[in-house]
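Asker: Just passing along the structure, written as structure tokens.
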Amino acid sequence: MKLLFDHRFFAHVNEASLKETGRASRGLGIAESLLKRGWVASSLAVLETIAGKILALPIPIYSSIVYATVTNMRGLPHFLGMYARAMYYREKLGRMEPNVLIDQNVFFAYPKGVELSEFSYIDKNVIIMSRTAKVGRRVHMAPRVFVSGGGEFEIEDYACIATGSNIITSTEVLKDGARCSGPMVSADQRNVYRGKVTIKKDAFIGPNVTLLPGVTVAEGAVAGAGVTIAKSTEKWGIYVGARAEKISVREPVSWPDN
């Protein structure tokens, strides 16, 4: 049984505060020290598990009220809402590791198909509608990222998607006289393509980028603001402009994983 947020999380927040403001929080330091003690961590983990199971009870009306309350609780810089969502979603998602942040008004269409690795951060108003979604370690999906439904989605460790980007995992194919007006058309009149979208380790997706079905953004590649990526990229390439032209090569990351 693991904690929702262990001592490593509070150390991480304190390190960030120290670097940005020159001051560490005494309260966070105390929390870090306490959670290093086995009996404190194990006792709290039991309480978190019980509370999470109560929140996730599939009781009519109750479950709807809990969902509405939990998803709308204030997010960062306020921690209570993040903590409540962590308790709730650990019971609802397919897999959720410790130290995961899920912010206000996040929506998962297929929660059991979602896997969130440790230190990932799903920011405010992110919508994930793909049938499966696998999010790696230390990933940030910024506010208003939209992952469309139908296909699969995976983002590997240390990758990032900036605000307002769209990940399209399925689309109507305009051939063989098919209609293209969406799911309310008879199935035999549509031609739908579903493709897995993969964002590899250390890649960066800029703001308002669109990734089309079947695309792989290679390791360390950068998609500049507003780019539409229609075909897979090369490692560490930097892509900008309406046609997503490769203009340069990024210096590979030199830091070790942690």
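By order in the structure tokens, chains are A, B, ...; within a chain, residues start at 1; ligands start at 1, following the order shown.
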What's the 10 Å shell around Val197 (chain A), counting only C-alpha atoms, without same-chain residues fewer than 4 positions away, as a list in words?

Answerer: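 Result of the neighbour search: Ser130, Ala133, Val147, Gly151, Glu152, Phe153, Glu154, Ile155, Ile167, Ile168, Thr169, Ser170, Leu211, Leu212, Pro213, Gly214, Val215, Thr216, Val217 and Ser232 of chain A.
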
Asker: Go ahead and write the selection's residues with C-alpha atoms as a PDB file, in the first residue's frame.

Answerer:
```
ATOM      1  CA  SER A 130      -8.822   8.187 -26.257  1.00  0.00           C
ATOM      2  CA  ALA A 133      -3.887   6.771 -22.477  1.00  0.00           C
ATOM      3  CA  VAL A 147      -6.907  14.117 -26.692  1.00  0.00           C
ATOM      4  CA  GLY A 151      -7.601   5.513 -30.852  1.00  0.00           C
ATOM      5  CA  GLU A 152      -4.715   5.151 -28.445  1.00  0.00           C
ATOM      6  CA  PHE A 153      -2.380   7.713 -26.907  1.00  0.00           C
ATOM      7  CA  GLU A 154       0.997   7.424 -25.205  1.00  0.00           C
ATOM      8  CA  ILE A 155       3.406  10.065 -23.931  1.00  0.00           C
ATOM      9  CA  ILE A 167      -4.027  15.101 -30.087  1.00  0.00           C
ATOM     10  CA  ILE A 168      -6.253  13.469 -32.714  1.00  0.00           C
ATOM     11  CA  THR A 169      -6.432   9.679 -32.396  1.00  0.00           C
ATOM     12  CA  SER A 170      -9.157   9.064 -34.995  1.00  0.00           C
ATOM     13  CA  LEU A 211      -0.958  15.864 -33.874  1.00  0.00           C
ATOM     14  CA  LEU A 212      -2.834  13.714 -36.403  1.00  0.00           C
ATOM     15  CA  PRO A 213      -3.651   9.988 -36.071  1.00  0.00           C
ATOM     16  CA  GLY A 214      -0.786   7.514 -36.373  1.00  0.00           C
ATOM     17  CA  VAL A 215       1.921  10.114 -35.740  1.00  0.00           C
ATOM     18  CA  THR A 216       4.999   9.465 -33.593  1.00  0.00           C
ATOM     19  CA  VAL A 217       6.879  12.475 -32.272  1.00  0.00           C
ATOM     20  CA  SER A 232       6.274  11.161 -37.791  1.00  0.00           C
TER      21      SER A 232
END
```

Asker: Would you please extract all helix (DSSP H, G or I) residues from region 9-159 of chain A, as assigned by DSSP on the backbone, and give them as a VMD selection string?

Answerer: chain A and resid 9 to 21 26 to 35 38 to 55 62 to 72 80 to 92 111 to 113

Asker: Using CA of Ala218 (chain A) and CA of Asp202 (chain A) as the two end points, give the distance in Å to one decimal.

Answerer: 8.8 Å

Asker: Give me, as JSON, numbers by chain, all polymer residues having an atom no more than 7 Å from Val114 (chain A), counting only C-alpha atoms and skipping those fewer than 6 positions away in the same chain.

Answerer: {"A": [93, 94, 95, 132, 133, 134]}

Asker: Using only C-alpha atoms, pick whichever of A:Val135, A:Ala187, A:Val192, A:Leu116 has the shortest atom-to-atom distance to Gly149 (chain A).

Answerer: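 For Gly149 (chain A), the nearest of the given residues is A:Val192.
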
Asker: Write out as a list in words which residues come within 7 Å of region 176-182 of chain A when counting only C-alpha atoms, dropping same-chain ones fewer than 6 positions away.

Answerer: Gln189, Arg190 and Asn191 of chain A

Asker: If you run DSSP over the backbone, which residues in region 14-183 of chain A end up strand (DSSP E)? Put them as a ChimeraX atom specification.

Answerer: /A:95-96,101-102,107-108,114-116,121-122,127-128,132-135,140-141,146-147,152-155,160-161,166-167,170-172

Asker: For the selection just defined, write its residues with C-alpha atoms to a file, as a PDB file, in the first residue's frame.

Answerer:
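Written output follows (selection19.pdb):
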```pdb
ATOM      1  CA  ARG A  95      -3.150   2.562 -12.869  1.00  0.00           C
ATOM      2  CA  MET A  96      -1.968   5.579 -10.926  1.00  0.00           C
ATOM      3  CA  LEU A 101      -1.175  15.693  -9.785  1.00  0.00           C
ATOM      4  CA  ILE A 102      -4.628  15.890 -11.390  1.00  0.00           C
ATOM      5  CA  PHE A 107     -12.034  14.646 -17.753  1.00  0.00           C
ATOM      6  CA  PHE A 108     -11.237  11.001 -18.558  1.00  0.00           C
ATOM      7  CA  VAL A 114      -5.707   5.486 -18.286  1.00  0.00           C
ATOM      8  CA  GLU A 115      -2.270   4.874 -16.738  1.00  0.00           C
ATOM      9  CA  LEU A 116      -0.456   7.716 -14.955  1.00  0.00           C
ATOM     10  CA  TYR A 121       0.883  16.379 -13.871  1.00  0.00           C
ATOM     11  CA  ILE A 122      -2.457  16.563 -15.706  1.00  0.00           C
ATOM     12  CA  ILE A 127      -9.735  16.248 -21.699  1.00  0.00           C
ATOM     13  CA  ILE A 128      -8.588  12.708 -22.493  1.00  0.00           C
ATOM     14  CA  THR A 132      -6.296   4.142 -23.788  1.00  0.00           C
ATOM     15  CA  ALA A 133      -3.887   6.771 -22.477  1.00  0.00           C
ATOM     16  CA  LYS A 134      -0.457   5.965 -21.053  1.00  0.00           C
ATOM     17  CA  VAL A 135       1.391   8.870 -19.407  1.00  0.00           C
ATOM     18  CA  HIS A 140       3.245  17.683 -17.904  1.00  0.00           C
ATOM     19  CA  MET A 141       0.045  18.022 -19.919  1.00  0.00           C
ATOM     20  CA  PHE A 146      -7.456  17.768 -25.772  1.00  0.00           C
ATOM     21  CA  VAL A 147      -6.907  14.117 -26.692  1.00  0.00           C
ATOM     22  CA  GLU A 152      -4.715   5.151 -28.445  1.00  0.00           C
ATOM     23  CA  PHE A 153      -2.380   7.713 -26.907  1.00  0.00           C
ATOM     24  CA  GLU A 154       0.997   7.424 -25.205  1.00  0.00           C
ATOM     25  CA  ILE A 155       3.406  10.065 -23.931  1.00  0.00           C
ATOM     26  CA  CYS A 160       5.513  17.842 -22.341  1.00  0.00           C
ATOM     27  CA  ILE A 161       2.417  19.113 -24.145  1.00  0.00           C
ATOM     28  CA  ASN A 166      -4.926  18.776 -29.809  1.00  0.00           C
ATOM     29  CA  ILE A 167      -4.027  15.101 -30.087  1.00  0.00           C
ATOM     30  CA  SER A 170      -9.157   9.064 -34.995  1.00  0.00           C
ATOM     31  CA  THR A 171     -10.550  10.840 -38.038  1.00  0.00           C
ATOM     32  CA  GLU A 172     -12.984  10.499 -40.922  1.00  0.00           C
TER      33      GLU A 172
END
```

Asker: Which residue, A:Gly226, A:Gly220, A:Gly38, A:Gly195, has the smallest gap to Met1 (chain A) when you use only C-alpha atoms?

Answerer: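 Of all the options, A:Gly38 lies closest to Met1 (chain A).
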
Asker: Nearest to Pro58 (chain A): which of A:Ile247, A:Leu80, A:Lys92, A:Phe10 is it, counting only C-alpha atoms?

Answerer: A:Lys92

Asker: Neighbours of Asn258 (chain A) within 12 Å (only C-alpha atoms; same-chain residues fewer than 4 positions away dropped), as a ChimeraX atom specification?

Answerer: /A:8,12,118-119,137-138,157-158

Asker: How about saving the chosen residues, N, CA and C atoms kept, as a short mmCIF file (atom, residue, chain, number, x, y, z; two decimals), in the first residue's frame?

Answerer:
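Here's the written file out10.cif:
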```
data_model
loop_
_atom_site.label_atom_id
_atom_site.label_comp_id
_atom_site.auth_asym_id
_atom_site.auth_seq_id
_atom_site.Cartn_x
_atom_site.Cartn_y
_atom_site.Cartn_z
N ARG A 8 9.23 12.12 -1.22
CA ARG A 8 9.91 12.63 -2.42
C ARG A 8 9.15 13.80 -3.04
N HIS A 12 10.59 17.51 -3.57
CA HIS A 12 10.56 18.12 -4.90
C HIS A 12 10.00 19.54 -4.86
N GLU A 118 4.44 8.11 -11.97
CA GLU A 118 4.75 9.02 -10.87
C GLU A 118 5.29 10.36 -11.37
N PHE A 119 4.94 11.39 -10.63
CA PHE A 119 5.33 12.77 -10.90
C PHE A 119 4.77 13.31 -12.22
N ARG A 137 6.59 9.11 -16.69
CA ARG A 137 7.08 9.81 -15.50
C ARG A 137 7.47 11.25 -15.84
N ARG A 138 7.18 12.14 -14.90
CA ARG A 138 7.56 13.55 -14.97
C ARG A 138 7.08 14.22 -16.26
N ASP A 157 8.27 9.32 -20.77
CA ASP A 157 8.88 10.07 -19.68
C ASP A 157 9.48 11.40 -20.14
N TYR A 158 9.32 12.42 -19.29
CA TYR A 158 9.95 13.73 -19.46
C TYR A 158 9.46 14.50 -20.68
#
```

Asker: If you count only C-alpha atoms, which residues fall within 12 Å of Ala68 (chain A), apart from same-chain ones fewer than 4 positions away, as an NGL selection string?

Answerer: :A and (55 or 61-64 or 72-73 or 85 or 88 or 104-107)

Asker: Identify, on the basis of only C-alpha atoms, every residue whose closest approach to Gly75 (chain A) does not exceed 6 Å; exclude the query and any residue fewer than 5 positions from it along the same chain; express the result as a ChimeraX atom specification.

Answerer: /A:81-82,103-104

Asker: Please write the residues from the selection above to a file, keeping N, CA and C atoms, as a JSON list (two decimals), in the first residue's frame.

Answerer:
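again13.json written:
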```json
[["chain", "number", "residue", "atom", "x", "y", "z"],
["A", 81, "GLY", "N", -7.69, 20.19, -3.07],
["A", 81, "GLY", "CA", -8.38, 19.62, -4.23],
["A", 81, "GLY", "C", -7.53, 18.58, -4.93],
["A", 82, "MET", "N", -6.23, 18.84, -5.02],
["A", 82, "MET", "CA", -5.33, 17.87, -5.67],
["A", 82, "MET", "C", -5.30, 16.57, -4.87],
["A", 103, "ASP", "N", -5.37, 18.14, -11.85],
["A", 103, "ASP", "CA", -5.89, 19.45, -11.49],
["A", 103, "ASP", "C", -7.39, 19.55, -11.76],
["A", 104, "GLN", "N", -7.91, 20.75, -11.59],
["A", 104, "GLN", "CA", -9.35, 21.02, -11.64],
["A", 104, "GLN", "C", -9.93, 20.78, -13.03]]
```

Asker: Which residue out of A:Leu47, A:Val70, A:Ile238, A:Leu28 has the minimum interatomic distance to Pro252 (chain A) when only C-alpha atoms are used?

Answerer: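 Nearest candidate to Pro252 (chain A) out of A:Leu47, A:Val70, A:Ile238, A:Leu28: A:Ile238.
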